[in-house]
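This is protein_35.txt. It holds compact mmCIF, C-alpha atoms.
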```
# COMPACT_ATOMS: atom_id res chain seq x y z
CA MET A 1 -24.42 6.00 8.02
CA THR A 2 -21.15 5.77 9.88
CA LYS A 3 -18.21 7.04 7.82
CA LYS A 4 -15.69 4.31 7.02
CA LYS A 5 -12.76 4.19 9.39
CA CYS A 6 -9.52 2.40 10.08
CA LEU A 7 -9.90 0.11 13.08
CA TRP A 8 -6.36 -0.31 14.33
CA LEU A 9 -6.13 -3.39 16.55
CA PHE A 10 -2.85 -3.51 18.42
CA GLY A 11 -1.25 -5.24 21.36
CA LEU A 12 1.16 -8.05 22.22
CA SER A 13 1.88 -11.07 20.05
CA GLY A 14 -0.82 -13.62 20.87
CA ALA A 15 -3.22 -11.00 22.22
CA GLY A 16 -5.84 -12.02 19.65
CA LYS A 17 -5.42 -9.26 17.05
CA THR A 18 -5.63 -11.42 13.91
CA THR A 19 -8.49 -13.55 15.26
CA LEU A 20 -10.49 -10.46 16.20
CA ALA A 21 -9.64 -8.68 12.93
CA ASN A 22 -11.01 -11.60 10.92
CA ALA A 23 -14.14 -11.89 13.06
CA LEU A 24 -14.67 -8.13 12.89
CA ALA A 25 -14.24 -8.09 9.09
CA ASP A 26 -16.88 -10.83 8.87
CA LYS A 27 -19.33 -8.69 10.85
CA LEU A 28 -18.65 -5.67 8.62
CA SER A 29 -18.71 -7.65 5.40
CA THR A 30 -21.89 -6.12 4.01
CA ASN A 31 -19.52 -3.23 3.40
CA LYS A 32 -16.16 -3.18 1.63
CA VAL A 33 -13.61 -4.32 4.21
CA LYS A 34 -9.85 -4.74 3.92
CA ILE A 35 -7.79 -6.54 6.56
CA LEU A 36 -4.19 -5.38 6.84
CA ASP A 37 -2.43 -8.01 8.92
CA GLY A 38 1.12 -7.27 10.03
CA ASP A 39 2.31 -10.84 9.48
CA ILE A 40 0.96 -10.94 5.92
CA LEU A 41 2.30 -7.49 4.98
CA ARG A 42 5.75 -8.61 6.14
CA LYS A 43 5.68 -11.17 3.33
CA GLY A 44 4.91 -8.46 0.74
CA ILE A 45 5.41 -4.71 0.93
CA ASN A 46 7.22 -4.93 4.27
CA ASN A 47 9.45 -7.88 3.38
CA ASN A 48 12.55 -5.68 3.52
CA LEU A 49 12.04 -4.71 7.16
CA GLY A 50 13.33 -6.35 10.31
CA PHE A 51 12.49 -5.83 13.97
CA SER A 52 14.73 -2.93 14.98
CA ASN A 53 12.84 0.05 16.40
CA GLU A 54 13.44 1.94 13.16
CA ASP A 55 12.13 -0.88 10.98
CA ARG A 56 9.13 -1.41 13.22
CA PHE A 57 8.27 2.27 12.90
CA GLU A 58 8.53 2.08 9.11
CA ASN A 59 6.43 -1.10 9.14
CA VAL A 60 3.65 0.72 10.99
CA ARG A 61 3.98 3.89 8.90
CA ARG A 62 3.60 2.04 5.59
CA THR A 63 0.59 0.16 6.93
CA ALA A 64 -1.09 3.44 7.89
CA GLU A 65 -0.43 4.87 4.42
CA ILE A 66 -1.95 1.77 2.78
CA ALA A 67 -4.94 2.03 5.11
CA LYS A 68 -5.40 5.59 3.84
CA LEU A 69 -5.48 4.42 0.21
CA PHE A 70 -8.28 1.96 1.03
CA ILE A 71 -10.25 4.48 3.09
CA GLU A 72 -10.20 6.76 0.04
CA GLU A 73 -12.01 3.91 -1.74
CA GLY A 74 -14.72 3.76 0.92
CA TYR A 75 -13.37 0.69 2.70
CA TRP A 76 -13.47 -0.20 6.34
CA VAL A 77 -9.86 -1.09 7.10
CA VAL A 78 -9.07 -3.48 9.93
CA VAL A 79 -5.40 -3.52 10.95
CA ALA A 80 -3.79 -6.19 13.14
CA LEU A 81 -0.31 -5.07 14.13
CA ILE A 82 1.63 -4.99 17.43
CA THR A 83 2.38 -1.22 17.11
CA PRO A 84 4.43 -1.22 20.31
CA PHE A 85 5.41 2.45 20.64
CA GLU A 86 3.29 5.49 21.36
CA VAL A 87 5.15 7.51 18.71
CA MET A 88 3.91 5.06 16.07
CA ARG A 89 0.32 5.50 17.18
CA GLN A 90 0.69 9.28 17.20
CA ASN A 91 2.05 9.06 13.65
CA ASN A 92 -0.95 6.92 12.64
CA ARG A 93 -3.26 9.64 13.86
CA LYS A 94 -1.25 12.20 11.90
CA ILE A 95 -1.59 10.13 8.70
CA LEU A 96 -5.20 9.01 9.11
CA GLY A 97 -6.69 11.87 11.12
CA GLU A 98 -10.18 11.25 12.44
CA ASP A 99 -10.43 8.04 10.41
CA TYR A 100 -8.02 6.43 12.89
CA ILE A 101 -9.66 4.40 15.63
CA GLU A 102 -7.13 3.01 18.07
CA ILE A 103 -8.25 -0.22 19.72
CA PHE A 104 -5.93 -1.70 22.33
CA ILE A 105 -6.29 -5.49 22.55
CA ASP A 106 -5.49 -5.71 26.22
CA THR A 107 -4.45 -9.27 26.97
CA PRO A 108 -1.99 -9.96 29.81
CA ILE A 109 1.36 -11.27 28.62
CA ALA A 110 0.98 -14.40 30.75
CA LEU A 111 -2.13 -15.34 28.78
CA CYS A 112 -0.47 -14.50 25.43
CA GLU A 113 2.41 -16.76 26.43
CA GLN A 114 0.02 -19.53 27.37
CA ARG A 115 -1.91 -19.25 24.07
CA ASP A 116 1.26 -18.83 21.96
CA PRO A 117 -0.56 -19.48 18.65
CA LYS A 118 2.59 -19.12 16.55
CA GLY A 119 4.98 -20.81 18.98
CA LEU A 120 6.94 -17.58 19.31
CA TYR A 121 6.98 -17.33 23.09
CA ALA A 122 8.43 -20.84 23.22
CA LYS A 123 11.21 -19.73 20.86
CA VAL A 124 11.85 -16.64 22.97
CA SER A 125 12.26 -18.72 26.12
CA GLN A 126 14.72 -20.88 24.17
CA ARG A 127 16.48 -17.66 23.13
CA LYS A 128 15.93 -18.40 19.45
CA ILE A 129 14.30 -14.99 18.87
CA THR A 130 15.47 -11.55 19.91
CA ASN A 131 13.82 -8.11 19.70
CA PHE A 132 10.59 -9.71 20.88
CA THR A 133 7.90 -7.37 22.17
CA GLY A 134 7.28 -7.76 25.90
CA PHE A 135 10.72 -9.31 26.46
CA ASP A 136 13.79 -7.58 25.03
CA SER A 137 11.71 -5.04 23.08
CA PRO A 138 9.25 -2.84 24.98
CA PHE A 139 5.51 -2.42 24.61
CA GLU A 140 4.38 1.02 25.67
CA ILE A 141 0.95 1.12 27.27
CA PRO A 142 -1.22 3.37 25.10
CA GLN A 143 -2.00 6.81 26.48
CA SER A 144 -5.15 7.65 24.57
CA PRO A 145 -6.69 4.65 22.79
CA ASN A 146 -10.24 5.02 21.57
CA LEU A 147 -11.10 1.66 23.07
CA ILE A 148 -9.41 -0.70 25.53
CA LEU A 149 -10.64 -4.20 24.84
CA LYS A 150 -10.15 -6.72 27.63
CA THR A 151 -10.07 -10.26 26.28
CA VAL A 152 -9.60 -12.35 29.43
CA ASP A 153 -12.48 -14.79 30.04
CA ARG A 154 -14.41 -13.43 27.06
CA THR A 155 -15.43 -15.08 23.82
CA ILE A 156 -14.42 -13.74 20.42
CA GLU A 157 -18.07 -12.91 19.82
CA GLU A 158 -18.31 -10.81 22.97
CA CYS A 159 -15.15 -8.93 22.04
CA VAL A 160 -16.29 -8.23 18.48
CA LYS A 161 -19.67 -7.09 19.75
CA GLU A 162 -18.00 -4.55 22.04
CA ILE A 163 -16.05 -3.12 19.09
CA ILE A 164 -19.11 -2.99 16.84
CA VAL A 165 -21.21 -1.29 19.52
CA PHE A 166 -18.41 1.20 20.07
CA ILE A 167 -17.92 2.16 16.43
CA PHE A 168 -21.63 2.55 15.76
CA SER A 169 -22.21 4.48 18.98
CA GLU A 170 -22.42 8.22 19.35
CA LYS A 171 -18.78 8.51 20.20
CA LEU A 172 -17.43 8.74 16.64
CA MET B 1 -15.33 -11.02 -18.40
CA THR B 2 -11.74 -9.90 -18.45
CA LYS B 3 -9.97 -10.55 -15.17
CA LYS B 4 -8.87 -7.36 -13.43
CA LYS B 5 -5.29 -6.43 -14.11
CA CYS B 6 -2.61 -3.92 -13.26
CA LEU B 7 -2.04 -1.60 -16.20
CA TRP B 8 1.48 -0.30 -15.61
CA LEU B 9 2.03 2.90 -17.62
CA PHE B 10 5.67 3.87 -17.68
CA GLY B 11 8.05 6.10 -19.59
CA LEU B 12 9.84 9.43 -19.35
CA SER B 13 8.70 12.39 -17.31
CA GLY B 14 6.25 14.31 -19.47
CA ALA B 15 5.46 11.27 -21.64
CA GLY B 16 1.78 11.51 -20.73
CA LYS B 17 1.51 8.78 -18.07
CA THR B 18 -0.67 10.65 -15.57
CA THR B 19 -2.93 12.12 -18.26
CA LEU B 20 -3.44 8.73 -19.85
CA ALA B 21 -3.90 7.00 -16.48
CA ASN B 22 -6.70 9.39 -15.56
CA ALA B 23 -8.40 9.06 -18.95
CA LEU B 24 -8.05 5.29 -18.83
CA ALA B 25 -9.50 5.13 -15.32
CA ASP B 26 -12.49 7.14 -16.55
CA LYS B 27 -13.09 4.63 -19.32
CA LEU B 28 -12.90 1.73 -16.87
CA SER B 29 -14.97 3.43 -14.19
CA THR B 30 -17.97 1.14 -14.45
CA ASN B 31 -15.57 -1.17 -12.58
CA LYS B 32 -13.59 -0.56 -9.41
CA VAL B 33 -10.46 1.32 -10.51
CA LYS B 34 -7.52 2.59 -8.47
CA ILE B 35 -4.92 4.97 -9.89
CA LEU B 36 -1.47 4.70 -8.32
CA ASP B 37 0.40 7.77 -9.44
CA GLY B 38 4.11 7.94 -8.66
CA ASP B 39 4.04 11.65 -7.82
CA ILE B 40 1.15 11.22 -5.39
CA LEU B 41 2.62 8.13 -3.70
CA ARG B 42 5.84 10.08 -3.12
CA LYS B 43 3.81 12.37 -0.84
CA GLY B 44 2.55 9.41 1.21
CA ILE B 45 3.93 5.91 1.53
CA ASN B 46 7.03 6.74 -0.54
CA ASN B 47 7.79 10.07 1.13
CA ASN B 48 10.99 8.68 2.65
CA LEU B 49 12.53 7.80 -0.73
CA GLY B 50 14.78 9.89 -2.96
CA PHE B 51 15.94 9.42 -6.53
CA SER B 52 18.98 7.17 -6.15
CA ASN B 53 18.77 3.92 -8.13
CA GLU B 54 18.14 2.04 -4.88
CA ASP B 55 15.34 4.35 -3.79
CA ARG B 56 13.78 4.30 -7.24
CA PHE B 57 13.74 0.51 -7.14
CA GLU B 58 12.07 0.53 -3.73
CA ASN B 59 9.58 3.12 -4.95
CA VAL B 60 8.55 0.83 -7.79
CA ARG B 61 8.53 -2.29 -5.61
CA ARG B 62 6.20 -0.78 -3.01
CA THR B 63 3.87 0.41 -5.75
CA ALA B 64 3.68 -3.10 -7.21
CA GLU B 65 2.88 -4.53 -3.76
CA ILE B 66 0.11 -1.98 -3.25
CA ALA B 67 -1.25 -2.79 -6.71
CA LYS B 68 -1.42 -6.43 -5.62
CA LEU B 69 -3.52 -5.52 -2.55
CA PHE B 70 -6.06 -3.74 -4.78
CA ILE B 71 -6.13 -6.51 -7.38
CA GLU B 72 -7.04 -8.88 -4.54
CA GLU B 73 -10.08 -6.67 -4.03
CA GLY B 74 -11.12 -6.98 -7.68
CA TYR B 75 -9.83 -3.58 -8.77
CA TRP B 76 -8.34 -2.52 -12.05
CA VAL B 77 -5.14 -0.78 -11.01
CA VAL B 78 -3.66 1.89 -13.26
CA VAL B 79 -0.09 2.83 -12.39
CA ALA B 80 1.70 5.94 -13.67
CA LEU B 81 5.39 5.71 -12.80
CA ILE B 82 8.64 6.29 -14.75
CA THR B 83 9.98 2.79 -13.87
CA PRO B 84 13.27 3.45 -15.67
CA PHE B 85 15.09 0.13 -15.27
CA GLU B 86 14.35 -3.28 -16.73
CA VAL B 87 15.11 -4.96 -13.40
CA MET B 88 12.22 -3.03 -11.83
CA ARG B 89 9.84 -4.24 -14.52
CA GLN B 90 11.03 -7.81 -14.10
CA ASN B 91 10.40 -7.48 -10.38
CA ASN B 92 6.90 -6.15 -11.08
CA ARG B 93 6.17 -9.26 -13.09
CA LYS B 94 7.50 -11.38 -10.23
CA ILE B 95 5.20 -9.66 -7.74
CA LEU B 96 2.07 -9.39 -9.92
CA GLY B 97 2.45 -12.38 -12.22
CA GLU B 98 -0.01 -12.51 -15.10
CA ASP B 99 -1.92 -9.57 -13.64
CA TYR B 100 0.93 -7.32 -14.73
CA ILE B 101 0.40 -5.55 -18.07
CA GLU B 102 3.40 -3.47 -19.04
CA ILE B 103 2.50 -0.49 -21.22
CA PHE B 104 5.37 1.63 -22.47
CA ILE B 105 4.30 5.24 -23.08
CA ASP B 106 6.71 5.84 -25.92
CA THR B 107 7.12 9.59 -26.29
CA PRO B 108 10.41 10.99 -27.62
CA ILE B 109 12.37 12.97 -25.05
CA ALA B 110 12.35 16.04 -27.29
CA LEU B 111 8.56 16.11 -27.12
CA CYS B 112 8.53 15.49 -23.35
CA GLU B 113 10.93 18.40 -22.96
CA GLN B 114 8.73 20.60 -25.10
CA ARG B 115 5.56 19.70 -23.14
CA ASP B 116 7.33 19.89 -19.74
CA PRO B 117 4.04 19.92 -17.75
CA LYS B 118 5.79 20.17 -14.38
CA GLY B 119 8.60 22.49 -15.47
CA LEU B 120 11.15 19.83 -14.59
CA TYR B 121 13.07 19.82 -17.87
CA ALA B 122 13.55 23.57 -17.50
CA LYS B 123 15.01 22.99 -14.04
CA VAL B 124 17.28 20.26 -15.37
CA SER B 125 18.68 22.55 -18.04
CA GLN B 126 19.32 25.11 -15.29
CA ARG B 127 21.05 22.33 -13.34
CA LYS B 128 18.62 22.73 -10.43
CA ILE B 129 17.71 18.99 -10.51
CA THR B 130 20.02 15.99 -10.63
CA ASN B 131 19.30 12.26 -11.05
CA PHE B 132 16.78 13.12 -13.73
CA THR B 133 15.67 10.30 -16.01
CA GLY B 134 16.86 10.77 -19.57
CA PHE B 135 19.68 13.10 -18.52
CA ASP B 136 21.97 12.05 -15.69
CA SER B 137 19.86 8.97 -14.81
CA PRO B 138 19.22 6.39 -17.53
CA PHE B 139 15.98 5.10 -18.99
CA GLU B 140 16.31 1.56 -20.24
CA ILE B 141 14.22 0.77 -23.31
CA PRO B 142 11.84 -2.06 -22.30
CA GLN B 143 12.67 -5.49 -23.66
CA SER B 144 9.27 -7.13 -23.50
CA PRO B 145 6.41 -4.69 -22.85
CA ASN B 146 2.91 -5.95 -23.48
CA LEU B 147 2.15 -2.79 -25.41
CA ILE B 148 4.21 0.03 -26.89
CA LEU B 149 2.02 3.10 -27.10
CA LYS B 150 3.23 5.83 -29.47
CA THR B 151 1.81 9.21 -28.44
CA VAL B 152 3.24 11.54 -31.11
CA ASP B 153 0.54 13.26 -33.18
CA ARG B 154 -2.23 11.32 -31.44
CA THR B 155 -5.04 12.49 -29.19
CA ILE B 156 -5.51 11.24 -25.64
CA GLU B 157 -8.69 9.53 -26.81
CA GLU B 158 -6.89 7.62 -29.56
CA CYS B 159 -4.22 6.48 -27.11
CA VAL B 160 -6.74 5.32 -24.51
CA LYS B 161 -8.71 3.50 -27.17
CA GLU B 162 -5.62 1.56 -28.21
CA ILE B 163 -5.06 0.46 -24.61
CA ILE B 164 -8.71 -0.51 -24.11
CA VAL B 165 -8.81 -2.49 -27.35
CA PHE B 166 -5.59 -4.20 -26.34
CA ILE B 167 -6.70 -5.25 -22.85
CA PHE B 168 -10.07 -6.54 -24.01
CA SER B 169 -8.57 -8.38 -26.98
CA GLU B 170 -7.68 -12.05 -27.15
CA LYS B 171 -4.11 -11.38 -26.16
CA LEU B 172 -4.65 -11.52 -22.38
```
Rewrite the structure from the file as structure tokens, please.
Amino acid sequence: MTKKKCLWLFGLSGAGKTTLANALADKLSTNKVKILDGDILRKGINNNLGFSNEDRFENVRRTAEIAKLFIEEGYWVVVALITPFEVMRQNNRKILGEDYIEIFIDTPIALCEQRDPKGLYAKVSQRKITNFTGFDSPFEIPQSPNLILKTVDRTIEECVKEIIVFIFSEKL
Amino acid sequence: MTKKKCLWLFGLSGAGKTTLANALADKLSTNKVKILDGDILRKGINNNLGFSNEDRFENVRRTAEIAKLFIEEGYWVVVALITPFEVMRQNNRKILGEDYIEIFIDTPIALCEQRDPKGLYAKVSQRKITNFTGFDSPFEIPQSPNLILKTVDRTIEECVKEIIVFIFSEKL
């Protein structure tokens, strides 16, 4: 039986992280599964953090520590969080060790902008939002993700299947 | 069946919070139970907080938010944390609502000092620690705890039994 892990889905706003996290949790739901969604955590434990680099780091750090508490309980943890800087991902690996599976949701920014599920890209172009990842806040391409998931021209089902096959393969 | 709750054990250092939390979790262990111990959380998610009033508040707030995440999963959560100020306890109730059961571990400071399981009172008297609850940092007597648990001249078993009887009584 595969040991429970933290599947850390990250990438640009609109890349499909939340959608894939929910679909993935459904597939894993014969087990105990906890979704940690960045947007939801910002309404609770991370509600005192903004979008400066420092606050974003702390946002990611706390999420990794919470993931650890659930892994201790034998949960699969599925995180959906932009996690824009490599230093954050390195810190995740430090906190979670081999339980950390880094999955880059690799969707081109043009497609994210076109999808714009939360209407954020529209607000950015109207200059109503600052510190937005991909515009005035950088997104560092990951150097050593466990999986790079391309989402262009693929269904949610195909994407989830690729993740499931990966985590139950010999590689972990 | 009693709905799962957060049993928030609070009181002075050395009052018996951790000991009682562990014994209580054992009693509840036919269910899913998560212990959130202040000392342990300070090594993880709260490792960037000190002992100023502001940091103590944040320490308590984050713990309440984590408790909420576990209650969502159907866990009993047992917290062991000094929680010295009334405003913190009010905030806990705000975050956790009716799932919050406030249990004051009412042990006189003289007895805590005598037990001194972590050698902290000794350090305080040698002035090696500052901001210590009960000395140069206040402990506010709770105004509306759900249960006041006296520990003097009682066994751990007797104390745990009182909590168990309380939470499975008609009162909740």
- [ ] Pull out every residue of chain B that has at least one atom within 6 Å of chain A, counting all atoms listed in the file, and report them as a ChimeraX atom specification.
- [x] /B:45,62,65
Open item on the list: When you look at Leu9 (chain A) with a cut-off of 8 Å (counting all atoms listed in the file), what residues show up, excluding the ones that are within fewer than 3 positions of it in the same chain? I need them as a PyMOL selection string.
Closed with: chain A and resi 17+21+78-82+102-105
Might you pull out every residue within 7 Å of region 138-153 of chain A, with all atoms listed in the file counted and same-chain residues fewer than 3 positions away left off, and present them as a PDB file with C-alpha atoms, keeping the file's coordinate frame?
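Produced file selection.pdb, reproduced below:
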```
ATOM      1  CA  PRO A  84       4.430  -1.220  20.310  1.00  0.00           C
ATOM      2  CA  PHE A  85       5.410   2.450  20.640  1.00  0.00           C
ATOM      3  CA  GLU A  86       3.290   5.490  21.360  1.00  0.00           C
ATOM      4  CA  ILE A 101      -9.660   4.400  15.630  1.00  0.00           C
ATOM      5  CA  GLU A 102      -7.130   3.010  18.070  1.00  0.00           C
ATOM      6  CA  ILE A 103      -8.250  -0.220  19.720  1.00  0.00           C
ATOM      7  CA  PHE A 104      -5.930  -1.700  22.330  1.00  0.00           C
ATOM      8  CA  ILE A 105      -6.290  -5.490  22.550  1.00  0.00           C
ATOM      9  CA  ASP A 106      -5.490  -5.710  26.220  1.00  0.00           C
ATOM     10  CA  THR A 107      -4.450  -9.270  26.970  1.00  0.00           C
ATOM     11  CA  THR A 133       7.900  -7.370  22.170  1.00  0.00           C
ATOM     12  CA  GLY A 134       7.280  -7.760  25.900  1.00  0.00           C
ATOM     13  CA  PHE A 135      10.720  -9.310  26.460  1.00  0.00           C
ATOM     14  CA  CYS A 159     -15.150  -8.930  22.040  1.00  0.00           C
TER      15      CYS A 159
END
```
Open item on the list: Env of region 54-57 of chain B: 8 Å cut, atoms = only C-alpha atoms, seq-sep filter 4 positions within chain, self excluded. Answer as an MDAnalysis selection string.
Closed with: chainID B and resid 49:50 61 83 88
Open item on the list: For a quick check of your reading of the model, name the residues lying within 8 Å of the coordinate (-7.7, -16.5, 20.5), counting only C-alpha atoms, and write them as a PyMOL selection string.
Closed with: chain A and resi 14-16+19-20+115+117+156
Open item on the list: Just the number, please: distance in Å from CA of Ile167 (chain A) to CA of Lys94 (chain A), one decimal.
Closed with: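 Computed distance, CA of Ile167 (chain A) to CA of Lys94 (chain A), equals 20.0 Å.
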Task: Between CA of Ile35 (chain B) and CA of Asn22 (chain B), distance in Å (one decimal) - done: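 The value is 7.4 Å.
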Task: Contact residues around Asp99 (chain B) with all atoms listed in the file at 9 Å, ignoring same-chain residues under 5 positions, as a list of chain:residue names - done: B:Lys3, B:Lys4, B:Lys5, B:Cys6, B:Leu7, B:Lys68, B:Ile71, B:Arg93
- [ ] Would you please work out which residue, of B:Ser137, B:Ile40, B:Ile163, B:Ala122, is nearest to Trp8 (chain B) when using only C-alpha atoms?
- [x]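 Nearest to Trp8 (chain B): B:Ile163.
CA of Gly74 (chain B) sits 8.8 Å away from CA of Asn31 (chain B).
Remark: for Leu24 (chain B), the closest of the candidate residues B:Val77, B:Asn59, B:Asn92, B:Asp39 is B:Val77 (distances computed over all atoms listed in the file).
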Would you compute, for all listed atoms of region 34-39 of chain B, the axis-aligned bounding box grown by 3 Å on each side, and then report its centre and edge lengths in Å rounded to one decimal, as AutoDock Vina command-line options?
```
--center_x -1.7 --center_y 7.1 --center_z -8.9 --size_x 17.6 --size_y 15.1 --size_z 8.1
```
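Every protein or nucleic acid residue with an atom no more than 9 Å from Ala23 (chain B), counting only C-alpha atoms and leaving out same-chain residues fewer than 5 positions away, appears here: Thr18, Leu28, Ile156, Glu157 and Val160 of chain B.
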Complete the atoms of region 45-72 of chain B to N, CA and C atoms and put them out as an mmCIF file, in the frame of the given file.
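Result saved to part.cif:
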```cif
data_model
loop_
_atom_site.group_PDB
_atom_site.id
_atom_site.type_symbol
_atom_site.label_atom_id
_atom_site.label_comp_id
_atom_site.auth_asym_id
_atom_site.auth_seq_id
_atom_site.Cartn_x
_atom_site.Cartn_y
_atom_site.Cartn_z
ATOM 1 N N ILE B 45 3.152 7.080 1.133
ATOM 2 C CA ILE B 45 3.930 5.910 1.530
ATOM 3 C C ILE B 45 5.380 5.973 1.062
ATOM 4 N N ASN B 46 5.650 6.666 -0.029
ATOM 5 C CA ASN B 46 7.030 6.740 -0.540
ATOM 6 C C ASN B 46 7.715 8.059 -0.217
ATOM 7 N N ASN B 47 7.218 8.754 0.820
ATOM 8 C CA ASN B 47 7.790 10.070 1.130
ATOM 9 C C ASN B 47 9.158 10.008 1.811
ATOM 10 N N ASN B 48 9.632 8.823 2.080
ATOM 11 C CA ASN B 48 10.990 8.680 2.650
ATOM 12 C C ASN B 48 11.981 8.151 1.612
ATOM 13 N N LEU B 49 11.644 8.270 0.341
ATOM 14 C CA LEU B 49 12.530 7.800 -0.730
ATOM 15 C C LEU B 49 12.973 8.959 -1.603
ATOM 16 N N GLY B 50 14.243 8.880 -2.048
ATOM 17 C CA GLY B 50 14.780 9.890 -2.960
ATOM 18 C C GLY B 50 14.841 9.351 -4.380
ATOM 19 N N PHE B 51 15.858 9.772 -5.118
ATOM 20 C CA PHE B 51 15.940 9.420 -6.530
ATOM 21 C C PHE B 51 17.217 8.645 -6.883
ATOM 22 N N SER B 52 17.869 8.067 -5.861
ATOM 23 C CA SER B 52 18.980 7.170 -6.150
ATOM 24 C C SER B 52 18.401 5.921 -6.826
ATOM 25 N N ASN B 53 19.264 5.146 -7.480
ATOM 26 C CA ASN B 53 18.770 3.920 -8.130
ATOM 27 C C ASN B 53 18.097 3.005 -7.113
ATOM 28 N N GLU B 54 18.680 2.917 -5.932
ATOM 29 C CA GLU B 54 18.140 2.040 -4.880
ATOM 30 C C GLU B 54 16.744 2.512 -4.436
ATOM 31 N N ASP B 55 16.626 3.804 -4.221
ATOM 32 C CA ASP B 55 15.340 4.350 -3.790
ATOM 33 C C ASP B 55 14.289 4.250 -4.889
ATOM 34 N N ARG B 56 14.717 4.440 -6.130
ATOM 35 C CA ARG B 56 13.780 4.300 -7.240
ATOM 36 C C ARG B 56 13.255 2.863 -7.329
ATOM 37 N N PHE B 57 14.148 1.919 -7.112
ATOM 38 C CA PHE B 57 13.740 0.510 -7.140
ATOM 39 C C PHE B 57 12.693 0.244 -6.052
ATOM 40 N N GLU B 58 12.987 0.739 -4.861
ATOM 41 C CA GLU B 58 12.070 0.530 -3.730
ATOM 42 C C GLU B 58 10.726 1.217 -3.977
ATOM 43 N N ASN B 59 10.777 2.377 -4.585
ATOM 44 C CA ASN B 59 9.580 3.120 -4.950
ATOM 45 C C ASN B 59 8.667 2.283 -5.861
ATOM 46 N N VAL B 60 9.288 1.657 -6.844
ATOM 47 C CA VAL B 60 8.550 0.830 -7.790
ATOM 48 C C VAL B 60 8.039 -0.445 -7.107
ATOM 49 N N ARG B 61 8.902 -1.044 -6.300
ATOM 50 C CA ARG B 61 8.530 -2.290 -5.610
ATOM 51 C C ARG B 61 7.306 -2.087 -4.720
ATOM 52 N N ARG B 62 7.341 -1.035 -3.913
ATOM 53 C CA ARG B 62 6.200 -0.780 -3.010
ATOM 54 C C ARG B 62 4.923 -0.561 -3.812
ATOM 55 N N THR B 63 5.043 0.143 -4.923
ATOM 56 C CA THR B 63 3.870 0.410 -5.750
ATOM 57 C C THR B 63 3.283 -0.897 -6.280
ATOM 58 N N ALA B 64 4.157 -1.798 -6.708
ATOM 59 C CA ALA B 64 3.680 -3.100 -7.210
ATOM 60 C C ALA B 64 2.970 -3.877 -6.092
ATOM 61 N N GLU B 65 3.507 -3.815 -4.894
ATOM 62 C CA GLU B 65 2.880 -4.530 -3.760
ATOM 63 C C GLU B 65 1.520 -3.930 -3.419
ATOM 64 N N ILE B 66 1.404 -2.620 -3.517
ATOM 65 C CA ILE B 66 0.110 -1.980 -3.250
ATOM 66 C C ILE B 66 -0.883 -2.353 -4.353
ATOM 67 N N ALA B 67 -0.391 -2.365 -5.590
ATOM 68 C CA ALA B 67 -1.250 -2.790 -6.710
ATOM 69 C C ALA B 67 -1.823 -4.169 -6.435
ATOM 70 N N LYS B 68 -0.991 -5.056 -5.923
ATOM 71 C CA LYS B 68 -1.420 -6.430 -5.620
ATOM 72 C C LYS B 68 -2.569 -6.433 -4.597
ATOM 73 N N LEU B 69 -2.465 -5.591 -3.584
ATOM 74 C CA LEU B 69 -3.520 -5.520 -2.550
ATOM 75 C C LEU B 69 -4.856 -5.090 -3.167
ATOM 76 N N PHE B 70 -4.810 -4.181 -4.142
ATOM 77 C CA PHE B 70 -6.060 -3.740 -4.780
ATOM 78 C C PHE B 70 -6.586 -4.767 -5.772
ATOM 79 N N ILE B 71 -5.680 -5.457 -6.454
ATOM 80 C CA ILE B 71 -6.130 -6.510 -7.380
ATOM 81 C C ILE B 71 -6.851 -7.609 -6.593
ATOM 82 N N GLU B 72 -6.358 -7.915 -5.415
ATOM 83 C CA GLU B 72 -7.040 -8.880 -4.540
ATOM 84 C C GLU B 72 -8.481 -8.486 -4.256
#
```
